[in-house]
Amino acid sequence: MTKAEKLLAVFSSAVKAGGGIHTAPELAYMMGECYTPVFTKFLADCVKKGIVRRVANGVFESTLTPPDPSTAIYKIIKKLRGGVLNYISLESQLSYTGDISQVIIDRVTIITKGRSGMFSTPYGVIEFTHTKKSINKIAPNLYLDNDINMYRAKTEQAITDLKDCNRNVHMLES
C-alpha cells in the first residue's frame, strides 16, 4: 500500500466514525508517521494530485470520502479553534433563531476564547471574534446543538454579543 493509499484509508475510516476533517498532525498520527516538514510536503503533493483538499490552513478532507456538507463547516471550526470555548452567536445565531430576518448562508459567526480571525473555506466563511468574558459568565447562556455538536448562544447572549462587538443592531426584529 502506497503512502497516498494509506492516507485515503485513514480518511475512509474516519468518515465511517463521523470524522472526515483532520489537521495535518492528526493525519500524521493516524498514519503512524512523524509530523515533519517531509510529511507536510507529502500532504501538499496530495493536494496537488487531488487526493485530498485543503479546507483551511493545516486542515484537510478527502476528495473521495468528503464529510457531510451540512456539518463539515462545524467540524472545521472545531479543528481551527480546538481546546478553547467556541459558540455560534452574533448574526448566525440570530438568523438561526429568527430574531433577524436576514438568512446567513455563506458565513458562520463564532465567539471564541481563542484568537479572532477569518477563514475562507469551501463550505463558507468562518468568522471568529474573541471575547474577554469569563467562561463562568458565558456558560449559563449557552446550549448544545446535538445536530452539529457545538454550543449556541441563547438569544439574549447573542444580542449581548452583538452589542459588545459593536455590530449592527438595526436588523433585530424586536
# chains A, B, ... in the order shown; residues from 1 in each chain; ligands from 1
call {"tool": "residues_around", "arguments": {"residues": "region 125-134 of chain A", "least_positions_apart": "4", "cutoff": "7 Å", "atoms": "only C-alpha atoms", "output": "list in words"}}
result
Asp106, Arg107, Val108, Thr109, Ile110, Ile111, Thr112, Lys113, Gly114, Arg115, Ser116, Gly117, Met118, Phe119, Ser120, Thr121 and Ile138 of chain A
call {"tool": "write_last_selection", "arguments": {"atoms": "N, CA and C atoms", "output": "JSON list (two decimals), in the first residue's frame"}}
result
[["chain", "number", "residue", "atom", "x", "y", "z"],
["A", 106, "ASP", "N", -23.63, 31.95, 3.86],
["A", 106, "ASP", "CA", -22.26, 31.66, 3.46],
["A", 106, "ASP", "C", -21.24, 32.04, 4.53],
["A", 107, "ARG", "N", -21.69, 32.17, 5.77],
["A", 107, "ARG", "CA", -20.82, 32.64, 6.84],
["A", 107, "ARG", "C", -21.33, 32.09, 8.17],
["A", 108, "VAL", "N", -20.39, 31.76, 9.06],
["A", 108, "VAL", "CA", -20.73, 31.36, 10.42],
["A", 108, "VAL", "C", -19.97, 32.30, 11.35],
["A", 109, "THR", "N", -20.71, 32.96, 12.25],
["A", 109, "THR", "CA", -20.09, 33.87, 13.20],
["A", 109, "THR", "C", -19.95, 33.17, 14.54],
["A", 110, "ILE", "N", -18.73, 33.14, 15.04],
["A", 110, "ILE", "CA", -18.37, 32.39, 16.24],
["A", 110, "ILE", "C", -17.76, 33.33, 17.26],
["A", 111, "ILE", "N", -18.18, 33.19, 18.51],
["A", 111, "ILE", "CA", -17.49, 33.86, 19.62],
["A", 111, "ILE", "C", -16.53, 32.82, 20.19],
["A", 112, "THR", "N", -15.29, 33.23, 20.45],
["A", 112, "THR", "CA", -14.27, 32.29, 20.90],
["A", 112, "THR", "C", -13.46, 32.88, 22.05],
["A", 113, "LYS", "N", -12.94, 32.01, 22.88],
["A", 113, "LYS", "CA", -11.96, 32.42, 23.90],
["A", 113, "LYS", "C", -10.56, 32.42, 23.27],
["A", 114, "GLY", "N", -10.45, 31.92, 22.05],
["A", 114, "GLY", "CA", -9.18, 31.91, 21.31],
["A", 114, "GLY", "C", -9.02, 33.20, 20.52],
["A", 115, "ARG", "N", -8.13, 33.16, 19.54],
["A", 115, "ARG", "CA", -7.85, 34.34, 18.72],
["A", 115, "ARG", "C", -8.98, 34.65, 17.76],
["A", 116, "SER", "N", -9.14, 35.94, 17.47],
["A", 116, "SER", "CA", -10.06, 36.35, 16.41],
["A", 116, "SER", "C", -9.43, 36.00, 15.07],
["A", 117, "GLY", "N", -10.24, 35.85, 14.06],
["A", 117, "GLY", "CA", -9.73, 35.57, 12.73],
["A", 117, "GLY", "C", -10.84, 35.21, 11.78],
["A", 118, "MET", "N", -10.53, 35.27, 10.49],
["A", 118, "MET", "CA", -11.49, 34.94, 9.46],
["A", 118, "MET", "C", -10.86, 33.91, 8.54],
["A", 119, "PHE", "N", -11.62, 32.85, 8.23],
["A", 119, "PHE", "CA", -11.13, 31.77, 7.38],
["A", 119, "PHE", "C", -12.12, 31.49, 6.28],
["A", 120, "SER", "N", -11.64, 31.49, 5.06],
["A", 120, "SER", "CA", -12.48, 31.16, 3.91],
["A", 120, "SER", "C", -12.30, 29.67, 3.63],
["A", 121, "THR", "N", -13.41, 28.94, 3.61],
["A", 121, "THR", "CA", -13.38, 27.50, 3.35],
["A", 121, "THR", "C", -14.31, 27.20, 2.19],
["A", 138, "ILE", "N", -20.41, 33.29, 30.66],
["A", 138, "ILE", "CA", -20.99, 32.93, 29.36],
["A", 138, "ILE", "C", -21.78, 31.61, 29.44]]
call {"tool": "residues_around", "arguments": {"residues": "Tyr29 (chain A)", "least_positions_apart": "6", "cutoff": "12 Å", "atoms": "only C-alpha atoms", "output": "list in words"}}
result
Leu7, Val10, His22, Thr23, Tyr35, Thr36 and Phe39 of chain A
call {"tool": "closest_residue", "arguments": {"among": "A:Thr71, A:Glu61, A:Val38, A:Ala139", "to": "Tyr151 (chain A)", "atoms": "only C-alpha atoms"}}
result
A:Ala139
call {"tool": "select_by_dssp", "arguments": {"residues": "chain A", "states": "helix (DSSP H, G or I)", "output": "PyMOL selection string"}}
result
chain A and resi 3-16+24-31+37-49+69-80+90-97+135-141+155-164
call {"tool": "residues_around", "arguments": {"residues": "Pro25 (chain A)", "least_positions_apart": "5", "cutoff": "10 Å", "atoms": "only C-alpha atoms", "output": "ChimeraX atom specification"}}
result
/A:30-31,33-36,39-40,58-59
call {"tool": "select_by_dssp", "arguments": {"residues": "chain A", "states": "strand (DSSP E or B)", "output": "PyMOL selection string"}}
result
chain A and resi 21-23+52-56+59-62+86-88+100+107-112+117-121+124-130+142-145+150-153+172
call {"tool": "write_last_selection", "arguments": {"atoms": "C-alpha atoms", "output": "PDB file, in the first residue's frame"}}
result
ATOM      1  CA  ILE A  21     -11.927  16.691   8.597  1.00  0.00           C
ATOM      2  CA  HIS A  22      -8.428  16.430  10.096  1.00  0.00           C
ATOM      3  CA  THR A  23      -5.411  18.542  10.879  1.00  0.00           C
ATOM      4  CA  VAL A  52      -7.096  15.478  -0.519  1.00  0.00           C
ATOM      5  CA  ARG A  53      -8.431  19.011  -0.321  1.00  0.00           C
ATOM      6  CA  ARG A  54      -7.106  21.726   1.949  1.00  0.00           C
ATOM      7  CA  VAL A  55     -10.213  23.293   3.505  1.00  0.00           C
ATOM      8  CA  ALA A  56      -8.275  25.733   5.710  1.00  0.00           C
ATOM      9  CA  VAL A  59      -6.928  21.295   7.799  1.00  0.00           C
ATOM     10  CA  PHE A  60      -7.758  18.668   5.173  1.00  0.00           C
ATOM     11  CA  GLU A  61     -10.557  16.468   3.841  1.00  0.00           C
ATOM     12  CA  SER A  62     -10.547  13.544   1.421  1.00  0.00           C
ATOM     13  CA  ASN A  86     -16.327  28.428  20.855  1.00  0.00           C
ATOM     14  CA  TYR A  87     -20.005  29.042  20.330  1.00  0.00           C
ATOM     15  CA  ILE A  88     -22.225  30.192  17.479  1.00  0.00           C
ATOM     16  CA  ILE A 100     -33.248  38.806  12.370  1.00  0.00           C
ATOM     17  CA  ARG A 107     -20.820  32.640   6.840  1.00  0.00           C
ATOM     18  CA  VAL A 108     -20.734  31.364  10.425  1.00  0.00           C
ATOM     19  CA  THR A 109     -20.086  33.873  13.198  1.00  0.00           C
ATOM     20  CA  ILE A 110     -18.371  32.385  16.242  1.00  0.00           C
ATOM     21  CA  ILE A 111     -17.487  33.856  19.616  1.00  0.00           C
ATOM     22  CA  THR A 112     -14.267  32.291  20.900  1.00  0.00           C
ATOM     23  CA  GLY A 117      -9.729  35.571  12.727  1.00  0.00           C
ATOM     24  CA  MET A 118     -11.495  34.939   9.457  1.00  0.00           C
ATOM     25  CA  PHE A 119     -11.129  31.773   7.383  1.00  0.00           C
ATOM     26  CA  SER A 120     -12.477  31.163   3.913  1.00  0.00           C
ATOM     27  CA  THR A 121     -13.377  27.502   3.354  1.00  0.00           C
ATOM     28  CA  GLY A 124     -18.307  29.184   3.724  1.00  0.00           C
ATOM     29  CA  VAL A 125     -16.505  31.851   5.720  1.00  0.00           C
ATOM     30  CA  ILE A 126     -15.791  31.262   9.398  1.00  0.00           C
ATOM     31  CA  GLU A 127     -15.521  34.443  11.448  1.00  0.00           C
ATOM     32  CA  PHE A 128     -14.052  34.107  14.947  1.00  0.00           C
ATOM     33  CA  THR A 129     -14.495  37.014  17.363  1.00  0.00           C
ATOM     34  CA  HIS A 130     -12.543  36.887  20.618  1.00  0.00           C
ATOM     35  CA  LEU A 142     -25.296  28.581  26.006  1.00  0.00           C
ATOM     36  CA  TYR A 143     -26.889  25.344  24.905  1.00  0.00           C
ATOM     37  CA  LEU A 144     -25.521  22.342  22.999  1.00  0.00           C
ATOM     38  CA  ASP A 145     -26.871  21.764  19.497  1.00  0.00           C
ATOM     39  CA  MET A 150     -21.433  22.726  19.043  1.00  0.00           C
ATOM     40  CA  TYR A 151     -22.632  25.270  21.530  1.00  0.00           C
ATOM     41  CA  ARG A 152     -25.024  28.010  20.510  1.00  0.00           C
ATOM     42  CA  ALA A 153     -25.812  31.255  22.322  1.00  0.00           C
ATOM     43  CA  LEU A 172     -33.071  42.957  15.101  1.00  0.00           C
TER      44      LEU A 172
END
call {"tool": "atom_distance", "arguments": {"atom1": "CA of Gln157 (chain A)", "atom2": "CA of Tyr96 (chain A)"}}
result
13.7 Å
call {"tool": "atom_distance", "arguments": {"atom1": "CA of Thr155 (chain A)", "atom2": "CA of Leu94 (chain A)"}}
result
6.7 Å
call {"tool": "residues_around", "arguments": {"residues": "Asn168 (chain A)", "least_positions_apart": "4", "cutoff": "10 Å", "atoms": "only C-alpha atoms", "output": "PyMOL selection string"}}
result
chain A and resi 90-91+162-163+172
call {"tool": "atom_distance", "arguments": {"atom1": "CA of Gly50 (chain A)", "atom2": "CA of Pro37 (chain A)"}}
result
19.8 Å
